[in-house]
Amino acid sequence: MTVLRVGIIGLGYTGRLHLQAYQQRGIQVVGVADPGPEALGLVPAGVERYEHYQDLLETGVDAVSICTPTATHHRITLDALAAGKHVLLEKPIATTEADADAMIQSARRHSKTLFVGMTHRFYPEILSAKRMVQDGEIGDVVMVRDSIFEHFGFLNAPSWYLNPQLAGAGTVLSSGVHLVDRVLWFLEEFPNAVSGYMQKRFLNACVEDAAQMSLGFPSGRSAQISFGLLAEPQPLVCDLELIGTRGSLIVNTWRGFEMRRNGTSTYHATYTSEIHQEKVLRGLVGEVEEFCAAIREDRDPRPSVEESTRAFRVVMAFYRTASSVTVGEPILPGSKS
């Protein structure tokens with residue numbers, strides 16, 4: 001297959017970035033499906049518009065990007081695979097492990113590519129840190145700390161992010177799946193212990209907006225991941241710290257990374273004056289390139305859907321085991337509210 005014809009299902013903020021990424025790489029987007037007339041009004045000339053995604057699937061597209069609310073991923077993905085389309089799916093893969101398993105099995109049964117977008121694996125600062133760890137620059141990694149604190153209005157996030165019927169859960173699922181994925185990627189190990197707590201502190205919503213996750217690994221290594229989805233504007237924080245036996249690396253996502261070793265510190269800036277959307281687009285372009293290359297070369301994408309779903313399984317385990325803390329109630333025995 002030399003020329004790919006791609007469709008996009010869902011043209012919100014993320015869907016528009018997918019459109020830009022395909023266009024940057026010269027990949028032909030022939031159709032967009034979205035039930036909203038405002039979204040369809042943003043479709044560029046020469047690209048077909050569809051109110052219903054089923055109509056797009058009946059066309060000659062080879063592949064689709066699915067950029068819709070998480071609870072819709074399962075049905076749309078199964079329909080797309082059954083229609084013979086390859087699928088690039090926005091994270092998280094689904095809202096339940098049973099749905100995720102059904103989607104993976106369907107992709108294998110129909111011999112089609114199912115690629116879950118783990119954009120962080122394609123950011124230059126994270127790729128640089130990964131190479132340095134693989135080259136032994138900080139020795140053996142013994143501990144990892146990761147965190148994300150973001151203002152809910154920062155990217156004009158749609159209201160469905162706070163609706164458990166559409167989003168499945170809160171910040172640990174929506175943003176945290178990226179952080180868990182990169183922790184597992186750097187450690188190259190699956191945890192055997194998951195614990196933590198979550199809160200509804202900032203947004204007065206039905207999903208968690210703050211959480212702390214602890215991971216233990218068979219090798220004895222550990223990871224701590226902090227999450228916050230905040231109501232008030234503040235600078236975006238998305239920092240990964242890798243502590244090794246001979247030094248440490250701190251990755252400031254969308255900024256650069258710092259090497260600390262032998263009592264010295266060296267900072268490597270990755271970006272200049274790009275706005276945030278342009279930084280995210282760099283990761284999406286890498287994601288789109290890998291998706292299309294996997295289709296053309298008839299191979300599994302990297303990461304495979306099974307590998308990328310490991311992080312989702314850890315998040316689901318967190319929800320099963322984490323305690324829920326409500327603001328105002330005593331946390332420690334005998335404490336006073």
# chains A, B, ... in the order shown; residues from 1 in each chain; ligands from 1
>>> residues_around(residues="A:Gly153", least_positions_apart="5", cutoff="10 Å", atoms="only C-alpha atoms", output="list in words")
Pro158, Ser159, Leu229, Leu230, Ala231, Glu232 and Pro233 of chain A
>>> select_by_dssp(residues="stretch 123-297 of chain A", states="strand (DSSP E or B)", output="short mmCIF file (atom, residue, chain, number, x, y, z; two decimals) with C-alpha atoms, in the first residue's frame")
data_model
loop_
_atom_site.label_atom_id
_atom_site.label_comp_id
_atom_site.auth_asym_id
_atom_site.auth_seq_id
_atom_site.Cartn_x
_atom_site.Cartn_y
_atom_site.Cartn_z
CA VAL A 141 17.42 3.32 37.52
CA VAL A 142 16.27 2.55 41.06
CA MET A 143 13.38 4.97 41.55
CA VAL A 144 11.03 7.06 39.42
CA ARG A 145 8.88 10.06 40.26
CA ASP A 146 6.37 11.45 37.79
CA SER A 147 3.72 14.14 38.03
CA ILE A 148 1.21 16.19 36.12
CA PHE A 149 -0.61 19.29 37.37
CA GLU A 150 -2.75 21.03 34.80
CA HIS A 151 -5.46 23.68 34.76
CA ALA A 193 2.01 -3.77 43.53
CA VAL A 194 -0.32 -0.80 42.97
CA SER A 195 -1.76 1.45 45.65
CA GLY A 196 -2.67 5.05 46.36
CA TYR A 197 -5.51 7.44 46.99
CA MET A 198 -7.65 9.86 45.04
CA GLN A 199 -9.68 12.95 45.83
CA ALA A 210 -6.26 14.71 42.41
CA ALA A 211 -4.48 11.45 43.12
CA GLN A 212 -1.28 9.79 44.26
CA MET A 213 -0.20 6.41 42.86
CA SER A 214 2.52 4.12 44.21
CA LEU A 215 3.97 1.30 42.12
CA GLY A 216 6.23 -1.51 43.27
CA SER A 222 9.48 1.83 42.93
CA ALA A 223 7.61 4.70 41.33
CA GLN A 224 5.47 7.53 42.69
CA ILE A 225 3.05 9.38 40.39
CA SER A 226 1.11 12.53 41.36
CA PHE A 227 -1.90 13.93 39.50
CA GLY A 228 -3.81 17.18 39.76
CA LEU A 229 -6.53 18.69 37.58
CA LEU A 230 -6.91 22.20 38.94
CA VAL A 237 3.76 20.84 35.29
CA CYS A 238 4.56 17.46 33.74
CA ASP A 239 7.88 16.31 35.20
CA LEU A 240 9.50 12.87 35.10
CA GLU A 241 12.45 12.20 37.42
CA LEU A 242 14.61 9.12 36.91
CA ILE A 243 16.97 8.41 39.82
CA GLY A 244 19.87 6.13 39.02
CA SER A 248 19.55 11.36 37.69
CA LEU A 249 17.53 12.79 34.83
CA ILE A 250 14.66 15.23 35.18
CA VAL A 251 12.45 15.54 32.11
CA ASN A 252 10.35 18.69 32.00
CA GLY A 256 13.63 20.00 28.03
CA PHE A 257 15.62 17.78 30.39
CA GLU A 258 18.28 18.11 33.07
CA MET A 259 21.17 15.72 33.69
CA ARG A 260 22.56 15.60 37.25
CA ARG A 261 25.78 13.67 37.71
CA THR A 264 27.09 18.96 38.29
CA SER A 265 23.87 19.79 36.48
CA THR A 266 23.39 20.34 32.74
CA TYR A 267 20.12 21.49 31.18
CA HIS A 268 19.13 20.74 27.58
CA ALA A 269 16.28 22.89 26.24
#
>>> closest_atom_pairs(of="stretch 136-234 of chain A", to="stretch 107-117 of chain A", cutoff="12 Å", atoms="only C-alpha atoms", output="JSON lines")
{"residue": "A:Val177", "atom": "CA", "partner": "A:Gly117", "partner_atom": "CA", "distance": 10.7}
{"residue": "A:His178", "atom": "CA", "partner": "A:Gly117", "partner_atom": "CA", "distance": 9.3}
{"residue": "A:Asp181", "atom": "CA", "partner": "A:Gly117", "partner_atom": "CA", "distance": 11.0}
>>> write_last_selection(atoms="N, CA and C atoms", output="PDB file, in the first residue's frame")
ATOM      1  N   VAL A 177      -2.675   7.860  32.221  1.00  0.00           N
ATOM      2  CA  VAL A 177      -2.269   6.707  31.424  1.00  0.00           C
ATOM      3  C   VAL A 177      -0.982   7.002  30.660  1.00  0.00           C
ATOM      4  N   HIS A 178      -0.760   8.267  30.281  1.00  0.00           N
ATOM      5  CA  HIS A 178       0.504   8.647  29.651  1.00  0.00           C
ATOM      6  C   HIS A 178       1.663   8.478  30.630  1.00  0.00           C
ATOM      7  N   ASP A 181       2.420   4.877  31.395  1.00  0.00           N
ATOM      8  CA  ASP A 181       3.057   4.247  30.234  1.00  0.00           C
ATOM      9  C   ASP A 181       4.533   4.590  30.162  1.00  0.00           C
TER      10      ASP A 181
END
>>> closest_residue(among="A:Glu97, A:Glu290, A:Asp300, A:Glu125", to="A:Thr253", atoms="only C-alpha atoms")
A:Glu125
>>> closest_residue(among="A:Met103, A:Leu184, A:Leu4, A:Ala167", to="A:Val288", atoms="only C-alpha atoms")
A:Leu4
>>> select_by_dssp(residues="stretch 118-286 of chain A", states="alpha helix (DSSP H)", output="ChimeraX atom specification")
/A:124-134,164-167,171-174,176-187,276-286
>>> write_last_selection(atoms="C-alpha atoms", output="PDB file, in the first residue's frame")
ATOM      1  CA  PRO A 124      12.076  14.688  21.625  1.00  0.00           C
ATOM      2  CA  GLU A 125      12.940  15.383  25.268  1.00  0.00           C
ATOM      3  CA  ILE A 126      11.566  12.004  26.361  1.00  0.00           C
ATOM      4  CA  LEU A 127      13.267  10.176  23.499  1.00  0.00           C
ATOM      5  CA  SER A 128      16.581  11.787  24.468  1.00  0.00           C
ATOM      6  CA  ALA A 129      16.144  10.731  28.088  1.00  0.00           C
ATOM      7  CA  LYS A 130      15.251   7.190  27.027  1.00  0.00           C
ATOM      8  CA  ARG A 131      18.435   6.900  24.948  1.00  0.00           C
ATOM      9  CA  MET A 132      20.561   8.213  27.824  1.00  0.00           C
ATOM     10  CA  VAL A 133      19.075   5.695  30.241  1.00  0.00           C
ATOM     11  CA  GLN A 134      19.617   2.868  27.732  1.00  0.00           C
ATOM     12  CA  PRO A 164     -17.891   9.509  34.301  1.00  0.00           C
ATOM     13  CA  GLN A 165     -20.443   8.154  31.818  1.00  0.00           C
ATOM     14  CA  LEU A 166     -18.335   9.513  28.947  1.00  0.00           C
ATOM     15  CA  ALA A 167     -14.800   9.761  30.375  1.00  0.00           C
ATOM     16  CA  THR A 171      -7.316  12.623  35.778  1.00  0.00           C
ATOM     17  CA  VAL A 172      -5.644   9.263  36.497  1.00  0.00           C
ATOM     18  CA  LEU A 173      -7.273   7.779  33.399  1.00  0.00           C
ATOM     19  CA  SER A 174      -7.295  10.812  31.100  1.00  0.00           C
ATOM     20  CA  GLY A 176      -2.308   9.472  33.999  1.00  0.00           C
ATOM     21  CA  VAL A 177      -2.269   6.707  31.424  1.00  0.00           C
ATOM     22  CA  HIS A 178       0.504   8.647  29.651  1.00  0.00           C
ATOM     23  CA  LEU A 179       2.543   8.917  32.838  1.00  0.00           C
ATOM     24  CA  VAL A 180       2.119   5.275  33.768  1.00  0.00           C
ATOM     25  CA  ASP A 181       3.057   4.247  30.234  1.00  0.00           C
ATOM     26  CA  ARG A 182       6.306   6.185  30.264  1.00  0.00           C
ATOM     27  CA  VAL A 183       7.243   4.874  33.724  1.00  0.00           C
ATOM     28  CA  LEU A 184       6.779   1.294  32.501  1.00  0.00           C
ATOM     29  CA  TRP A 185       8.665   2.117  29.299  1.00  0.00           C
ATOM     30  CA  PHE A 186      11.692   3.454  31.143  1.00  0.00           C
ATOM     31  CA  LEU A 187      11.769   0.663  33.732  1.00  0.00           C
ATOM     32  CA  HIS A 276       1.767  24.374  23.580  1.00  0.00           C
ATOM     33  CA  GLN A 277      -0.309  23.054  20.691  1.00  0.00           C
ATOM     34  CA  GLU A 278       2.756  23.113  18.444  1.00  0.00           C
ATOM     35  CA  LYS A 279       4.712  21.115  21.021  1.00  0.00           C
ATOM     36  CA  VAL A 280       1.951  18.512  21.267  1.00  0.00           C
ATOM     37  CA  LEU A 281       1.842  18.382  17.487  1.00  0.00           C
ATOM     38  CA  ARG A 282       5.479  17.256  17.401  1.00  0.00           C
ATOM     39  CA  GLY A 283       4.509  14.152  19.335  1.00  0.00           C
ATOM     40  CA  LEU A 284       1.432  13.575  17.214  1.00  0.00           C
ATOM     41  CA  VAL A 285       3.434  13.806  14.002  1.00  0.00           C
ATOM     42  CA  GLY A 286       5.707  11.041  15.299  1.00  0.00           C
TER      43      GLY A 286
END
>>> residues_around(residues="stretch 62-67 of chain A", least_positions_apart="4", cutoff="8 Å", atoms="only C-alpha atoms", output="ChimeraX atom specification")
/A:4-12,14-15,18,73,76-77,80,84-90
>>> write_last_selection(atoms="N, CA and C atoms", output="PDB file, in the first residue's frame")
ATOM      1  N   LEU A   4      -2.054   6.133   1.467  1.00  0.00           N
ATOM      2  CA  LEU A   4      -3.071   5.900   2.482  1.00  0.00           C
ATOM      3  C   LEU A   4      -4.131   6.983   2.393  1.00  0.00           C
ATOM      4  N   ARG A   5      -5.374   6.556   2.478  1.00  0.00           N
ATOM      5  CA  ARG A   5      -6.501   7.479   2.541  1.00  0.00           C
ATOM      6  C   ARG A   5      -7.071   7.379   3.955  1.00  0.00           C
ATOM      7  N   VAL A   6      -7.061   8.502   4.670  1.00  0.00           N
ATOM      8  CA  VAL A   6      -7.372   8.509   6.095  1.00  0.00           C
ATOM      9  C   VAL A   6      -8.629   9.320   6.363  1.00  0.00           C
ATOM     10  N   GLY A   7      -9.406   8.878   7.340  1.00  0.00           N
ATOM     11  CA  GLY A   7     -10.547   9.628   7.841  1.00  0.00           C
ATOM     12  C   GLY A   7     -10.362   9.928   9.320  1.00  0.00           C
ATOM     13  N   ILE A   8     -11.018  10.972   9.803  1.00  0.00           N
ATOM     14  CA  ILE A   8     -10.950  11.345  11.210  1.00  0.00           C
ATOM     15  C   ILE A   8     -12.361  11.338  11.779  1.00  0.00           C
ATOM     16  N   ILE A   9     -12.528  10.647  12.907  1.00  0.00           N
ATOM     17  CA  ILE A   9     -13.820  10.590  13.586  1.00  0.00           C
ATOM     18  C   ILE A   9     -13.707  11.398  14.872  1.00  0.00           C
ATOM     19  N   GLY A  10     -14.398  12.535  14.902  1.00  0.00           N
ATOM     20  CA  GLY A  10     -14.325  13.444  16.039  1.00  0.00           C
ATOM     21  C   GLY A  10     -13.357  14.572  15.755  1.00  0.00           C
ATOM     22  N   LEU A  11     -13.886  15.804  15.621  1.00  0.00           N
ATOM     23  CA  LEU A  11     -13.026  16.932  15.270  1.00  0.00           C
ATOM     24  C   LEU A  11     -13.048  17.994  16.367  1.00  0.00           C
ATOM     25  N   GLY A  12     -12.797  17.534  17.587  1.00  0.00           N
ATOM     26  CA  GLY A  12     -12.582  18.479  18.670  1.00  0.00           C
ATOM     27  C   GLY A  12     -11.138  18.949  18.660  1.00  0.00           C
ATOM     28  N   THR A  14      -8.404  17.606  19.899  1.00  0.00           N
ATOM     29  CA  THR A  14      -7.449  16.567  19.529  1.00  0.00           C
ATOM     30  C   THR A  14      -7.628  16.135  18.085  1.00  0.00           C
ATOM     31  N   GLY A  15      -8.864  16.029  17.631  1.00  0.00           N
ATOM     32  CA  GLY A  15      -9.097  15.659  16.243  1.00  0.00           C
ATOM     33  C   GLY A  15      -8.487  16.654  15.267  1.00  0.00           C
ATOM     34  N   HIS A  18      -4.850  15.939  15.024  1.00  0.00           N
ATOM     35  CA  HIS A  18      -4.616  14.786  14.150  1.00  0.00           C
ATOM     36  C   HIS A  18      -4.650  15.224  12.689  1.00  0.00           C
ATOM     37  N   HIS A  73     -15.193   4.741  22.442  1.00  0.00           N
ATOM     38  CA  HIS A  73     -14.089   4.099  21.718  1.00  0.00           C
ATOM     39  C   HIS A  73     -14.409   2.658  21.339  1.00  0.00           C
ATOM     40  N   ILE A  76     -17.076   2.347  18.345  1.00  0.00           N
ATOM     41  CA  ILE A  76     -16.582   2.893  17.077  1.00  0.00           C
ATOM     42  C   ILE A  76     -15.407   2.072  16.556  1.00  0.00           C
ATOM     43  N   THR A  77     -14.521   1.671  17.453  1.00  0.00           N
ATOM     44  CA  THR A  77     -13.366   0.873  17.037  1.00  0.00           C
ATOM     45  C   THR A  77     -13.800  -0.471  16.463  1.00  0.00           C
ATOM     46  N   ALA A  80     -15.169   0.114  13.059  1.00  0.00           N
ATOM     47  CA  ALA A  80     -14.130   0.450  12.082  1.00  0.00           C
ATOM     48  C   ALA A  80     -13.329  -0.783  11.676  1.00  0.00           C
ATOM     49  N   GLY A  84     -13.011  -3.050   7.943  1.00  0.00           N
ATOM     50  CA  GLY A  84     -11.728  -3.224   7.253  1.00  0.00           C
ATOM     51  C   GLY A  84     -10.802  -2.036   7.347  1.00  0.00           C
ATOM     52  N   LYS A  85     -10.958  -1.207   8.389  1.00  0.00           N
ATOM     53  CA  LYS A  85     -10.124  -0.019   8.532  1.00  0.00           C
ATOM     54  C   LYS A  85      -9.069  -0.225   9.622  1.00  0.00           C
ATOM     55  N   HIS A  86      -7.888   0.296   9.391  1.00  0.00           N
ATOM     56  CA  HIS A  86      -6.887   0.410  10.440  1.00  0.00           C
ATOM     57  C   HIS A  86      -7.286   1.555  11.366  1.00  0.00           C
ATOM     58  N   VAL A  87      -6.900   1.477  12.652  1.00  0.00           N
ATOM     59  CA  VAL A  87      -7.380   2.445  13.630  1.00  0.00           C
ATOM     60  C   VAL A  87      -6.235   3.027  14.449  1.00  0.00           C
ATOM     61  N   LEU A  88      -6.147   4.359  14.430  1.00  0.00           N
ATOM     62  CA  LEU A  88      -5.328   5.102  15.394  1.00  0.00           C
ATOM     63  C   LEU A  88      -6.295   5.668  16.410  1.00  0.00           C
ATOM     64  N   LEU A  89      -6.185   5.216  17.653  1.00  0.00           N
ATOM     65  CA  LEU A  89      -7.163   5.524  18.688  1.00  0.00           C
ATOM     66  C   LEU A  89      -6.547   6.418  19.754  1.00  0.00           C
ATOM     67  N   GLU A  90      -7.219   7.513  20.064  1.00  0.00           N
ATOM     68  CA  GLU A  90      -6.758   8.360  21.149  1.00  0.00           C
ATOM     69  C   GLU A  90      -6.823   7.590  22.468  1.00  0.00           C
TER      70      GLU A  90
END
>>> atom_distance(atom1="atom CA of A:Ala39", atom2="atom CA of A:Asp55")
16.5 Å
>>> atom_distance(atom1="atom CA of A:Pro191", atom2="atom CA of A:Thr72")
28.7 Å
>>> atom_distance(atom1="atom CA of A:Trp160", atom2="atom CA of A:Leu56")
23.7 Å
>>> closest_residue(among="A:Gln28, A:Asn204, A:Thr321, A:Gln105", to="A:Glu306", atoms="only C-alpha atoms")
A:Gln105
>>> closest_residue(among="A:Asp99, A:Arg296, A:Leu19, A:His52", to="A:Pro37", atoms="only C-alpha atoms")
A:His52
>>> closest_residue(among="A:Gly170, A:Ala21, A:Glu287, A:Glu48", to="A:Arg201", atoms="only C-alpha atoms")
A:Gly170
